[in-house]
$ cat input.txt   # compact mmCIF, C-alpha atoms and all ligand atoms
# COMPACT_ATOMS: atom_id res chain seq x y z
CA MET A 1 0.00 0.00 0.00
CA ALA A 2 1.46 3.39 -0.98
CA ASP A 3 1.87 5.99 1.77
CA TRP A 4 -1.00 8.10 0.53
CA GLN A 5 -3.32 5.11 0.65
CA THR A 6 -2.84 4.33 4.34
CA PHE A 7 -5.62 5.04 6.81
CA SER A 8 -5.32 7.05 9.98
CA ASP A 9 -3.56 5.60 13.04
CA ARG A 10 -6.79 6.42 14.87
CA ILE A 11 -8.82 3.97 12.81
CA ASN A 12 -6.04 1.41 12.47
CA ASN A 13 -5.72 1.22 16.24
CA VAL A 14 -9.37 0.40 16.78
CA ALA A 15 -10.61 -3.19 16.95
CA PRO A 16 -13.87 -4.16 15.24
CA SER A 17 -16.88 -4.69 17.52
CA ALA A 18 -16.62 -8.37 18.46
CA THR A 19 -20.25 -8.56 19.61
CA LEU A 20 -21.49 -7.31 16.26
CA ALA A 21 -18.94 -9.44 14.37
CA VAL A 22 -20.15 -12.65 16.05
CA ASP A 23 -23.76 -11.60 15.52
CA SER A 24 -23.30 -10.86 11.84
CA LYS A 25 -21.35 -14.07 11.24
CA ALA A 26 -24.11 -16.08 12.94
CA LYS A 27 -26.81 -14.26 10.98
CA ALA A 28 -24.91 -14.77 7.70
CA MET A 29 -24.59 -18.50 8.43
CA LYS A 30 -28.32 -18.62 9.17
CA ALA A 31 -29.08 -16.82 5.91
CA ALA A 32 -26.96 -19.44 4.14
CA GLY A 33 -29.18 -22.15 5.58
CA VAL A 34 -27.03 -23.23 8.57
CA ASP A 35 -29.08 -23.81 11.71
CA VAL A 36 -27.10 -21.57 14.07
CA ILE A 37 -28.10 -20.93 17.68
CA GLY A 38 -27.18 -17.32 18.44
CA PHE A 39 -26.01 -16.45 21.95
CA GLY A 40 -23.93 -13.64 20.40
CA ALA A 41 -25.31 -10.12 20.56
CA GLY A 42 -27.32 -8.92 23.51
CA GLU A 43 -30.52 -8.47 21.59
CA PRO A 44 -33.91 -9.15 23.23
CA ASP A 45 -35.87 -11.69 21.18
CA PHE A 46 -39.21 -10.09 22.13
CA PRO A 47 -40.99 -7.83 19.64
CA THR A 48 -41.12 -4.14 20.51
CA PRO A 49 -44.42 -3.59 22.43
CA ALA A 50 -47.37 -2.78 20.14
CA ASN A 51 -48.15 0.66 21.62
CA ILE A 52 -44.60 1.77 20.80
CA VAL A 53 -44.79 0.46 17.25
CA ASP A 54 -48.18 2.19 16.85
CA ALA A 55 -46.65 5.50 17.93
CA ALA A 56 -44.00 5.08 15.24
CA VAL A 57 -46.56 4.23 12.55
CA GLU A 58 -48.51 7.33 13.46
CA ALA A 59 -45.31 9.39 13.45
CA CYS A 60 -44.59 8.27 9.89
CA ARG A 61 -47.76 10.03 8.78
CA GLU A 62 -47.01 13.31 10.52
CA PRO A 63 -45.22 15.79 8.23
CA ARG A 64 -43.55 17.51 11.21
CA ASN A 65 -41.39 14.40 11.52
CA TYR A 66 -40.03 14.82 8.01
CA LYS A 67 -38.02 17.88 9.03
CA TYR A 68 -34.82 18.41 10.98
CA THR A 69 -35.53 18.69 14.69
CA PRO A 70 -33.30 19.94 17.52
CA THR A 71 -29.96 18.12 17.60
CA ALA A 72 -30.19 17.20 21.28
CA GLY A 73 -33.58 15.56 20.82
CA LEU A 74 -37.29 16.27 20.63
CA PRO A 75 -38.17 18.53 23.57
CA GLU A 76 -40.97 16.14 24.64
CA LEU A 77 -38.57 13.22 24.69
CA ARG A 78 -35.91 15.10 26.67
CA ARG A 79 -38.62 16.03 29.18
CA ALA A 80 -39.84 12.41 29.36
CA ILE A 81 -36.27 11.21 29.96
CA ALA A 82 -35.82 13.77 32.75
CA ASP A 83 -39.12 12.52 34.27
CA LYS A 84 -37.91 8.94 33.93
CA VAL A 85 -34.73 9.77 35.88
CA LEU A 86 -36.93 11.11 38.67
CA ARG A 87 -39.21 8.05 38.54
CA ASP A 88 -36.46 5.41 38.52
CA SER A 89 -33.53 7.09 40.26
CA GLY A 90 -35.38 9.59 42.43
CA TYR A 91 -33.48 12.77 41.62
CA GLU A 92 -34.27 15.75 39.44
CA VAL A 93 -32.52 16.69 36.24
CA ALA A 94 -33.47 19.37 33.74
CA PRO A 95 -34.49 18.37 30.19
CA GLU A 96 -31.59 20.54 28.97
CA GLN A 97 -29.22 18.04 30.59
CA VAL A 98 -30.44 15.32 28.24
CA VAL A 99 -28.94 14.57 24.82
CA VAL A 100 -30.76 11.98 22.70
CA THR A 101 -28.27 9.88 20.72
CA ASN A 102 -28.22 7.17 18.05
CA GLY A 103 -28.27 4.33 20.54
CA GLY A 104 -26.41 4.18 23.83
CA LYS A 105 -23.23 3.60 21.85
CA GLN A 106 -23.19 7.15 20.49
CA ALA A 107 -23.62 8.46 24.02
CA VAL A 108 -20.52 6.45 25.02
CA TYR A 109 -18.58 7.84 22.07
CA GLU A 110 -19.63 11.43 22.69
CA SER A 111 -18.83 11.24 26.41
CA PHE A 112 -15.18 10.54 25.71
CA GLN A 113 -14.96 12.97 22.81
CA VAL A 114 -16.19 15.70 25.13
CA LEU A 115 -14.07 14.84 28.18
CA LEU A 116 -10.71 13.55 26.98
CA ASN A 117 -7.52 15.14 25.77
CA ASP A 118 -4.73 13.07 24.23
CA GLY A 119 -3.22 10.80 26.85
CA ASP A 120 -6.00 11.19 29.42
CA GLU A 121 -6.69 7.92 31.18
CA VAL A 122 -10.02 6.22 31.74
CA ILE A 123 -10.30 3.48 34.35
CA ILE A 124 -12.37 0.65 32.91
CA PRO A 125 -13.48 -2.01 35.35
CA THR A 126 -12.81 -5.28 33.52
CA PRO A 127 -14.47 -7.42 32.14
CA PHE A 128 -15.86 -4.49 30.15
CA TRP A 129 -18.31 -4.00 27.32
CA THR A 130 -16.28 -4.32 24.16
CA SER A 131 -16.83 -0.80 22.77
CA TYR A 132 -15.61 1.20 25.80
CA PRO A 133 -11.85 0.98 25.22
CA GLU A 134 -12.25 1.64 21.53
CA ALA A 135 -14.37 4.75 22.19
CA VAL A 136 -11.70 5.93 24.64
CA LYS A 137 -8.94 5.38 22.07
CA LEU A 138 -10.94 7.17 19.36
CA ALA A 139 -10.95 10.19 21.65
CA GLY A 140 -7.16 10.03 22.11
CA GLY A 141 -7.48 8.58 25.58
CA LYS A 142 -5.82 5.62 27.22
CA PRO A 143 -7.96 2.78 28.59
CA VAL A 144 -6.71 1.51 31.95
CA GLU A 145 -8.13 -1.91 32.79
CA VAL A 146 -8.77 -2.95 36.38
CA PHE A 147 -9.73 -6.62 36.44
CA ALA A 148 -12.09 -8.39 38.85
CA GLY A 149 -12.71 -12.07 38.10
CA ALA A 150 -15.31 -14.69 38.96
CA ASP A 151 -13.59 -15.21 42.35
CA ARG A 152 -14.93 -11.74 43.36
CA ASP A 153 -18.25 -12.19 41.54
CA PHE A 154 -16.83 -9.68 39.05
CA GLU A 155 -17.19 -6.89 41.64
CA PRO A 156 -14.53 -4.19 41.21
CA ASP A 157 -12.12 -3.61 44.08
CA ILE A 158 -11.80 0.04 45.11
CA ASP A 159 -8.20 -0.51 46.28
CA ALA A 160 -7.28 -1.82 42.83
CA ILE A 161 -9.01 1.21 41.28
CA GLU A 162 -7.06 3.55 43.53
CA ALA A 163 -3.83 1.73 42.66
CA ALA A 164 -4.55 2.41 38.96
CA ARG A 165 -5.08 6.16 39.51
CA THR A 166 -2.43 8.50 38.10
CA GLY A 167 -2.16 12.24 37.46
CA ARG A 168 -3.81 11.59 34.08
CA THR A 169 -6.89 9.76 35.38
CA LYS A 170 -9.83 11.65 33.92
CA ALA A 171 -12.80 9.30 34.16
CA ILE A 172 -14.07 5.94 35.37
CA ILE A 173 -16.83 3.76 33.93
CA ILE A 174 -19.55 2.10 36.00
CA THR A 175 -21.66 -0.61 34.33
CA SER A 176 -24.14 -2.23 36.66
CA PRO A 177 -25.96 -4.46 35.85
CA ASN A 178 -22.91 -5.43 33.90
CA ASN A 179 -22.28 -6.44 30.33
CA PRO A 180 -20.65 -9.01 29.90
CA THR A 181 -20.71 -10.54 33.39
CA GLY A 182 -24.35 -10.01 34.41
CA ALA A 183 -23.11 -8.90 37.84
CA VAL A 184 -25.06 -6.29 39.76
CA TRP A 185 -22.49 -4.37 41.78
CA SER A 186 -23.31 -3.85 45.43
CA ARG A 187 -24.38 -0.49 46.83
CA GLU A 188 -21.13 -0.45 48.79
CA THR A 189 -19.06 -0.76 45.62
CA ILE A 190 -21.09 1.89 43.80
CA ARG A 191 -20.78 4.20 46.79
CA ALA A 192 -17.06 3.58 47.13
CA ILE A 193 -16.48 4.40 43.45
CA GLY A 194 -18.66 7.53 43.66
CA ARG A 195 -16.90 8.83 46.76
CA TRP A 196 -13.49 8.01 45.33
CA ALA A 197 -14.36 9.92 42.14
CA VAL A 198 -15.52 12.95 44.11
CA GLU A 199 -12.40 12.92 46.27
CA HIS A 200 -10.05 12.68 43.30
CA HIS A 201 -12.00 14.84 40.79
CA VAL A 202 -12.64 12.05 38.32
CA TRP A 203 -15.61 12.06 35.90
CA ILE A 204 -18.01 9.13 36.22
CA ILE A 205 -19.61 7.54 33.17
CA SER A 206 -22.45 5.35 34.48
CA ASP A 207 -23.90 3.04 31.85
CA GLU A 208 -27.35 2.12 33.21
CA ILE A 209 -28.84 0.45 30.16
CA TYR A 210 -29.66 -2.81 32.01
CA GLU A 211 -31.08 -1.03 35.08
CA HIS A 212 -34.43 -2.87 35.11
CA LEU A 213 -33.01 -6.37 34.61
CA ASN A 214 -32.33 -7.62 38.15
CA TYR A 215 -32.91 -11.12 39.58
CA ASP A 216 -32.71 -12.98 42.88
CA GLY A 217 -33.52 -9.82 44.84
CA ALA A 218 -30.55 -7.87 43.44
CA LYS A 219 -31.27 -4.18 42.95
CA THR A 220 -29.51 -1.70 40.69
CA ALA A 221 -27.71 0.93 42.76
CA TYR A 222 -27.45 4.31 41.04
CA VAL A 223 -24.28 6.26 41.74
CA GLY A 224 -26.21 9.54 41.42
CA VAL A 225 -28.44 8.38 44.27
CA GLU A 226 -25.80 6.77 46.46
CA VAL A 227 -23.42 9.71 46.19
CA PRO A 228 -25.51 12.80 45.36
CA GLU A 229 -22.45 15.04 45.50
CA CYS A 230 -21.06 13.31 42.37
CA ARG A 231 -23.87 14.55 40.11
CA ASP A 232 -21.82 17.50 38.86
CA GLN A 233 -19.28 15.08 37.46
CA LEU A 234 -21.66 12.31 36.39
CA LEU A 235 -22.71 11.27 32.89
CA VAL A 236 -25.52 8.70 32.94
CA LEU A 237 -25.91 6.72 29.73
CA ASN A 238 -29.01 4.76 28.83
CA GLY A 239 -31.39 3.90 25.99
CA VAL A 240 -34.53 2.06 24.97
CA ALA A 241 -32.83 -1.01 23.44
CA LYS A 242 -32.84 -3.39 26.39
CA THR A 243 -35.76 -2.10 28.48
CA TYR A 244 -38.29 -1.98 25.66
CA ALA A 245 -36.87 -4.58 23.24
CA MET A 246 -35.85 -1.87 20.78
CA PRO A 247 -32.20 -2.54 19.81
CA GLY A 248 -32.69 -1.77 16.12
CA TRP A 249 -34.49 1.53 16.69
CA ARG A 250 -31.22 3.15 17.78
CA VAL A 251 -32.34 5.56 20.47
CA GLY A 252 -30.14 6.20 23.48
CA TRP A 253 -29.25 9.19 25.61
CA MET A 254 -26.87 10.90 27.92
CA VAL A 255 -27.92 12.78 31.06
CA ALA A 256 -25.05 15.03 32.06
CA PRO A 257 -24.15 18.32 33.71
CA LEU A 258 -25.51 21.12 31.52
CA GLU A 259 -22.16 22.19 30.03
CA VAL A 260 -21.31 18.58 29.12
CA ALA A 261 -24.70 18.12 27.49
CA LYS A 262 -24.18 21.32 25.48
CA ALA A 263 -20.74 20.16 24.36
CA ALA A 264 -22.07 16.73 23.33
CA SER A 265 -24.85 18.41 21.41
CA LYS A 266 -22.30 20.65 19.66
CA LEU A 267 -20.40 17.54 18.58
CA GLN A 268 -23.59 15.79 17.48
CA GLY A 269 -24.50 18.86 15.43
CA HIS A 270 -21.55 18.05 13.19
CA LEU A 271 -21.67 14.29 13.49
CA SER A 272 -25.24 13.14 12.94
CA SER A 273 -27.73 15.93 13.81
CA ASN A 274 -31.01 14.82 15.34
CA VAL A 275 -31.77 11.16 15.86
CA SER A 276 -34.33 10.05 13.30
CA ASN A 277 -37.70 11.51 14.38
CA VAL A 278 -39.83 8.39 14.01
CA PRO A 279 -37.71 6.32 16.42
CA GLN A 280 -37.65 9.33 18.76
CA ARG A 281 -41.47 9.37 18.77
CA ALA A 282 -41.46 5.61 19.44
CA ALA A 283 -38.96 6.16 22.27
CA LEU A 284 -41.25 8.84 23.69
CA ALA A 285 -44.12 6.34 23.85
CA ALA A 286 -41.75 3.87 25.52
CA VAL A 287 -40.15 6.17 28.09
CA ALA A 288 -43.38 7.94 29.01
CA GLY A 289 -45.22 4.63 29.34
CA PRO A 290 -45.28 1.99 32.06
CA LEU A 291 -42.66 -0.67 32.74
CA ASP A 292 -45.06 -3.62 32.49
CA ASP A 293 -43.45 -5.08 29.39
CA VAL A 294 -39.95 -5.06 30.83
CA TYR A 295 -41.22 -6.82 33.94
CA MET A 296 -42.81 -9.47 31.74
CA MET A 297 -39.57 -9.89 29.79
CA ARG A 298 -37.61 -9.98 33.02
CA GLU A 299 -39.63 -12.96 34.17
CA ALA A 300 -38.85 -14.81 30.96
CA PHE A 301 -35.15 -13.86 31.17
CA ASP A 302 -35.06 -15.04 34.76
CA ALA A 303 -36.26 -18.53 33.81
CA ARG A 304 -33.71 -18.66 30.99
CA ARG A 305 -30.98 -17.42 33.32
CA LYS A 306 -31.58 -20.31 35.66
CA ALA A 307 -31.71 -22.76 32.77
CA ILE A 308 -28.49 -21.56 31.13
CA VAL A 309 -26.48 -21.37 34.35
CA ALA A 310 -27.50 -24.93 35.25
CA ALA A 311 -26.78 -26.19 31.73
CA LEU A 312 -23.36 -24.51 31.56
CA ASN A 313 -22.31 -25.79 34.97
CA ASP A 314 -23.32 -29.26 33.81
CA ILE A 315 -20.61 -29.20 31.12
CA PRO A 316 -17.32 -30.60 32.41
CA GLY A 317 -14.64 -27.88 32.27
CA VAL A 318 -17.14 -25.01 32.40
CA VAL A 319 -17.75 -22.98 35.57
CA CYS A 320 -20.53 -20.40 35.46
CA PRO A 321 -21.15 -17.98 38.34
CA THR A 322 -24.83 -17.03 38.75
CA PRO A 323 -25.46 -13.59 37.25
CA THR A 324 -28.09 -11.40 38.93
CA GLY A 325 -28.58 -8.82 36.19
CA ALA A 326 -28.77 -8.05 32.46
CA PHE A 327 -29.14 -11.12 30.19
CA TYR A 328 -25.64 -12.52 30.00
CA ALA A 329 -23.96 -15.59 31.45
CA PHE A 330 -20.17 -15.38 31.59
CA PRO A 331 -18.69 -18.78 32.29
CA ASP A 332 -15.03 -19.55 32.85
CA VAL A 333 -14.14 -22.01 30.09
CA SER A 334 -10.43 -22.29 30.80
CA GLY A 335 -11.03 -25.94 31.75
CA LEU A 336 -11.76 -26.68 28.08
CA LEU A 337 -8.58 -25.16 26.70
CA GLY A 338 -5.78 -27.45 25.55
CA LYS A 339 -8.10 -30.49 25.38
CA PRO A 340 -9.45 -32.29 22.31
CA LEU A 341 -13.05 -31.23 21.71
CA GLY A 342 -15.78 -32.29 19.31
CA PRO A 343 -15.78 -35.15 16.81
CA ASN A 344 -12.60 -33.79 15.18
CA GLY A 345 -10.69 -33.55 18.47
CA THR A 346 -10.13 -29.83 17.95
CA VAL A 347 -7.71 -28.38 20.49
CA CYS A 348 -8.26 -24.71 21.36
CA ALA A 349 -5.50 -22.70 23.00
CA THR A 350 -7.65 -19.66 23.75
CA SER A 351 -11.28 -18.77 24.38
CA ALA A 352 -11.23 -16.92 21.03
CA GLU A 353 -10.33 -20.20 19.28
CA LEU A 354 -12.95 -21.99 21.35
CA ALA A 355 -15.70 -19.56 20.32
CA ALA A 356 -14.69 -19.93 16.66
CA ALA A 357 -14.66 -23.75 16.84
CA LEU A 358 -17.97 -23.84 18.71
CA LEU A 359 -19.56 -21.77 15.96
CA ASP A 360 -17.97 -23.64 13.06
CA GLU A 361 -18.41 -27.16 14.40
CA ALA A 362 -21.46 -27.04 16.68
CA HIS A 363 -23.17 -23.99 15.16
CA VAL A 364 -23.43 -22.26 18.51
CA ALA A 365 -22.51 -18.54 18.57
CA ALA A 366 -21.00 -17.01 21.73
CA VAL A 367 -18.63 -14.07 22.16
CA PRO A 368 -15.09 -14.84 23.37
CA GLY A 369 -13.91 -13.26 26.64
CA GLU A 370 -11.02 -11.61 24.77
CA ALA A 371 -13.57 -9.09 23.44
CA PHE A 372 -14.24 -8.00 27.02
CA GLY A 373 -10.68 -8.00 28.35
CA ALA A 374 -11.24 -11.41 29.94
CA PRO A 375 -9.55 -14.28 28.10
CA GLY A 376 -10.65 -17.70 29.35
CA TYR A 377 -14.34 -16.78 29.42
CA LEU A 378 -17.21 -16.92 26.92
CA ARG A 379 -20.24 -14.65 26.95
CA PHE A 380 -23.68 -16.15 26.27
CA SER A 381 -26.61 -13.79 25.79
CA TYR A 382 -29.69 -15.64 26.97
CA ALA A 383 -32.12 -13.23 25.32
CA LEU A 384 -33.26 -15.97 22.96
CA ALA A 385 -36.22 -18.37 22.88
CA ASP A 386 -36.35 -21.18 25.47
CA ASP A 387 -36.19 -24.00 22.93
CA GLN A 388 -33.22 -22.35 21.19
CA LEU A 389 -31.46 -21.98 24.50
CA ALA A 390 -32.01 -25.64 25.38
CA GLU A 391 -30.87 -26.80 21.95
CA GLY A 392 -27.76 -24.55 22.05
CA MET A 393 -26.76 -25.92 25.43
CA ARG A 394 -27.38 -29.49 24.26
CA ARG A 395 -25.07 -28.91 21.29
CA PHE A 396 -22.36 -27.29 23.42
CA ARG A 397 -22.42 -30.18 25.86
CA GLN A 398 -22.45 -32.82 23.17
CA TRP A 399 -19.60 -31.10 21.33
CA VAL A 400 -17.49 -31.01 24.46
CA GLY A 401 -18.26 -34.72 24.84
N1 LIG B 1 -24.71 -4.24 23.58
C1 LIG B 1 -25.04 -5.47 22.95
C2 LIG B 1 -23.96 -6.51 23.18
O1 LIG B 1 -23.06 -6.29 23.93
C3 LIG B 1 -25.35 -5.27 21.50
C4 LIG B 1 -24.21 -5.35 20.54
C5 LIG B 1 -23.28 -4.20 20.69
O2 LIG B 1 -23.65 -3.11 20.32
O3 LIG B 1 -22.19 -4.42 21.20
O4 LIG B 1 -24.04 -7.56 22.63
$ encode --input "input.txt" --output "structure tokens" --more "lines below"
Ligand code: GLU
Amino acid sequence: MADWQTFSDRINNVAPSATLAVDSKAKAMKAAGVDVIGFGAGEPDFPTPANIVDAAVEACREPRNYKYTPTAGLPELRRAIADKVLRDSGYEVAPEQVVVTNGGKQAVYESFQVLLNDGDEVIIPTPFWTSYPEAVKLAGGKPVEVFAGADRDFEPDIDAIEAARTGRTKAIIITSPNNPTGAVWSRETIRAIGRWAVEHHVWIISDEIYEHLNYDGAKTAYVGVEVPECRDQLLVLNGVAKTYAMPGWRVGWMVAPLEVAKAASKLQGHLSSNVSNVPQRAALAAVAGPLDDVYMMREAFDARRKAIVAALNDIPGVVCPTPTGAFYAFPDVSGLLGKPLGPNGTVCATSAELAAALLDEAHVAAVPGEAFGAPGYLRFSYALADDQLAEGMRRFRQWVG
């Protein structure tokens, strides 16, 4: 490749999204007629509730939705999101603090673009959702991983976080309920992180997209509630994808201190302008409506959670802690590495090789732990139909032998 043809270091240094890569490979195999069971992307299998779809259909017929609208979001939706924060988290924010984004992912991206200068460090409790470090790098920042494994129920250790702090530490990410581990961090941990951030003047990015998916009596703790004094340095990220079964509608948001929200909106004004109006109107129906549907889905997820954890722990060499949130199981599969597996006796040295072999040979899609900073693990999204789940687990077990 000639010099002029090379791409930027910025893009060359970014890894592709592993969750989406596994999902698209599984979907492509399905389209080619292969009967793949997809535990890849975290994508609720339920249809979007009918009242939300109806609101979108109606919105399609309204000419006001054919125009550009304010970059930061429809005023009614920003108001509804502010009301939702009060309803679910119990504290007041102004609609002007809300920026509606193209999915939660754009809110992640914009957070780091707004906050980071080159070389600024972001502490990322690990295992992490795959896009965080890449969004940090795209903003010139440096991801700093602080690992907590299954032995601690994936609960971050505040002493380890403090040990990772340097003069360049600019922000820390909280994700509870967690993707990929399904852990719901304790109030004590959330409080400790919030207080630590206040003491050391560190921004907090709290990704709360799985807030309503709790099981076994676990309860999402909100850092803005536990440590009210952190709200001036807190960016809460969320969206409709997981709560209302709307991943493809691409509506997320950021709730941030006013100046941060204004800066994110300035960026969005050059990047993508307003989120498409029809999905915004659908999101308005969702956010302003009740939570009945998510509670119904939560019941179904709960039954699947129990089924998948039992099935995984039944496979020799697999150890799966019981998750209490989101819809992911994150088993330790290191016991399968280095051993002959499947009818061909395939030997996998890493969880990445294991995930590839499982897909190719048993037609079961899962995301390797490497994508989340946790080699030796696999992530299974159990947001799929019960019979699919049972069949996928049967195949995995049979393949292991
Ligand atoms: N957040 C989901 C996941 O982790 C959807 C895919 C993605 O955007 O990463 O699977």
$ residues_near_ligand --input "input.txt" --ligand "ligand LIG 1 (chain B)" --cutoff "6 Å" --atoms "all atoms listed in the file" --output "NGL selection string"
:A and (19-20 or 41-42)
$ closest_residue --input "input.txt" --among "A:Ala356, A:Ala135, A:Leu336, A:Cys320" --to "Asn13 of chain A" --atoms "all atoms listed in the file"
A:Ala135
$ residues_around --input "input.txt" --residues "Pro247 of chain A" --least-positions-apart "6" --cutoff "10 Å" --atoms "all atoms listed in the file" --output "ChimeraX atom specification"
/A:42-45,48,103-104,239-241
$ atom_distance --input "input.txt" --atom1 "atom CA of Thr324 of chain A" --atom2 "atom CA of Leu378 of chain A"
17.1 Å
$ closest_residue --input "input.txt" --among "A:Ala352, A:Ala329, A:Val364, A:Leu234" --to "Val309 of chain A" --atoms "all atoms listed in the file"
A:Ala329
$ axis_aligned_box --input "input.txt" --around "segment 359-372 of chain A" --padding-each-side "5 Å" --output "JSON"
{"center_x": -17.2, "center_y": -17.6, "center_z": 20.0, "size_x": 22.4, "size_y": 29.2, "size_z": 24.0}
$ atom_distance --input "input.txt" --atom1 "atom CA of Phe154 of chain A" --atom2 "atom CA of Thr181 of chain A"
6.9 Å
$ residues_around --input "input.txt" --residues "Trp203 of chain A" --least-positions-apart "3" --cutoff "8 Å" --atoms "all atoms listed in the file" --output "JSON, numbers by chain"
{"A": [170, 171, 172, 197, 233, 234, 235]}
$ atom_distance --input "input.txt" --atom1 "atom CA of Leu267 of chain A" --atom2 "atom CA of Gln113 of chain A"
8.3 Å
$ closest_residue --input "input.txt" --among "A:Asp293, A:Asp360, A:Asp88, A:Glu353" --to "Gly376 of chain A" --atoms "only C-alpha atoms"
A:Glu353
$ residues_near_point --input "input.txt" --point "(-42.4, 0.7, 24.1)" --cutoff "9 Å" --atoms "all atoms listed in the file" --output "VMD selection string"
chain A and resid 48 to 53 55 240 243 to 246 282 to 291 293
$ residues_around --input "input.txt" --residues "Ala150 of chain A" --least-positions-apart "2" --cutoff "8 Å" --atoms "all atoms listed in the file" --output "PyMOL selection string"
chain A and resi 148+152-154+321+332
$ write_last_selection --input "input.txt" --atoms "C-alpha atoms" --output "tab-separated table (two decimals), in the frame of the given file"
chain	number	residue	atom	x	y	z
A	148	ALA	CA	-12.09	-8.39	38.85
A	152	ARG	CA	-14.93	-11.74	43.36
A	153	ASP	CA	-18.25	-12.19	41.54
A	154	PHE	CA	-16.83	-9.68	39.05
A	321	PRO	CA	-21.15	-17.98	38.34
A	332	ASP	CA	-15.03	-19.55	32.85
$ decode --input "input.txt" --residues "segment 375-380 of chain A" --atoms "all heavy atoms" --output "compact mmCIF listing (two decimals), in the first residue's frame"
# COMPACT_ATOMS: atom_id res chain seq x y z
N PRO A 375 -9.79 -13.00 28.75
CA PRO A 375 -9.55 -14.28 28.10
C PRO A 375 -9.87 -15.43 29.05
O PRO A 375 -9.72 -15.29 30.26
CB PRO A 375 -8.05 -14.25 27.77
CG PRO A 375 -7.53 -12.94 28.18
CD PRO A 375 -8.60 -12.17 28.88
N GLY A 376 -10.32 -16.54 28.50
CA GLY A 376 -10.65 -17.70 29.35
C GLY A 376 -12.13 -17.79 29.66
O GLY A 376 -12.58 -18.74 30.28
N TYR A 377 -12.89 -16.79 29.19
CA TYR A 377 -14.34 -16.78 29.42
C TYR A 377 -15.06 -16.75 28.06
O TYR A 377 -14.48 -16.38 27.04
CB TYR A 377 -14.77 -15.54 30.20
CG TYR A 377 -14.30 -15.50 31.64
CD1 TYR A 377 -13.02 -15.02 31.96
CD2 TYR A 377 -15.13 -15.90 32.68
CE1 TYR A 377 -12.59 -14.97 33.28
CE2 TYR A 377 -14.70 -15.84 34.01
CZ TYR A 377 -13.43 -15.37 34.30
OH TYR A 377 -13.00 -15.31 35.61
N LEU A 378 -16.33 -17.14 28.08
CA LEU A 378 -17.21 -16.92 26.92
C LEU A 378 -18.44 -16.18 27.41
O LEU A 378 -18.88 -16.40 28.54
CB LEU A 378 -17.68 -18.25 26.32
CG LEU A 378 -16.70 -19.14 25.56
CD1 LEU A 378 -17.47 -20.34 24.97
CD2 LEU A 378 -16.00 -18.39 24.44
N ARG A 379 -18.99 -15.30 26.57
CA ARG A 379 -20.24 -14.65 26.95
C ARG A 379 -21.40 -15.24 26.16
O ARG A 379 -21.34 -15.33 24.93
CB ARG A 379 -20.19 -13.14 26.68
CG ARG A 379 -21.39 -12.42 27.31
CD ARG A 379 -21.54 -10.99 26.82
NE ARG A 379 -22.10 -10.94 25.46
CZ ARG A 379 -22.47 -9.83 24.84
NH1 ARG A 379 -22.32 -8.66 25.46
NH2 ARG A 379 -22.95 -9.86 23.61
N PHE A 380 -22.44 -15.64 26.89
CA PHE A 380 -23.68 -16.15 26.27
C PHE A 380 -24.80 -15.17 26.59
O PHE A 380 -25.12 -14.95 27.76
CB PHE A 380 -24.03 -17.52 26.85
CG PHE A 380 -23.10 -18.62 26.42
CD1 PHE A 380 -21.89 -18.81 27.07
CD2 PHE A 380 -23.43 -19.46 25.37
CE1 PHE A 380 -21.03 -19.82 26.67
CE2 PHE A 380 -22.57 -20.47 24.96
CZ PHE A 380 -21.36 -20.65 25.62
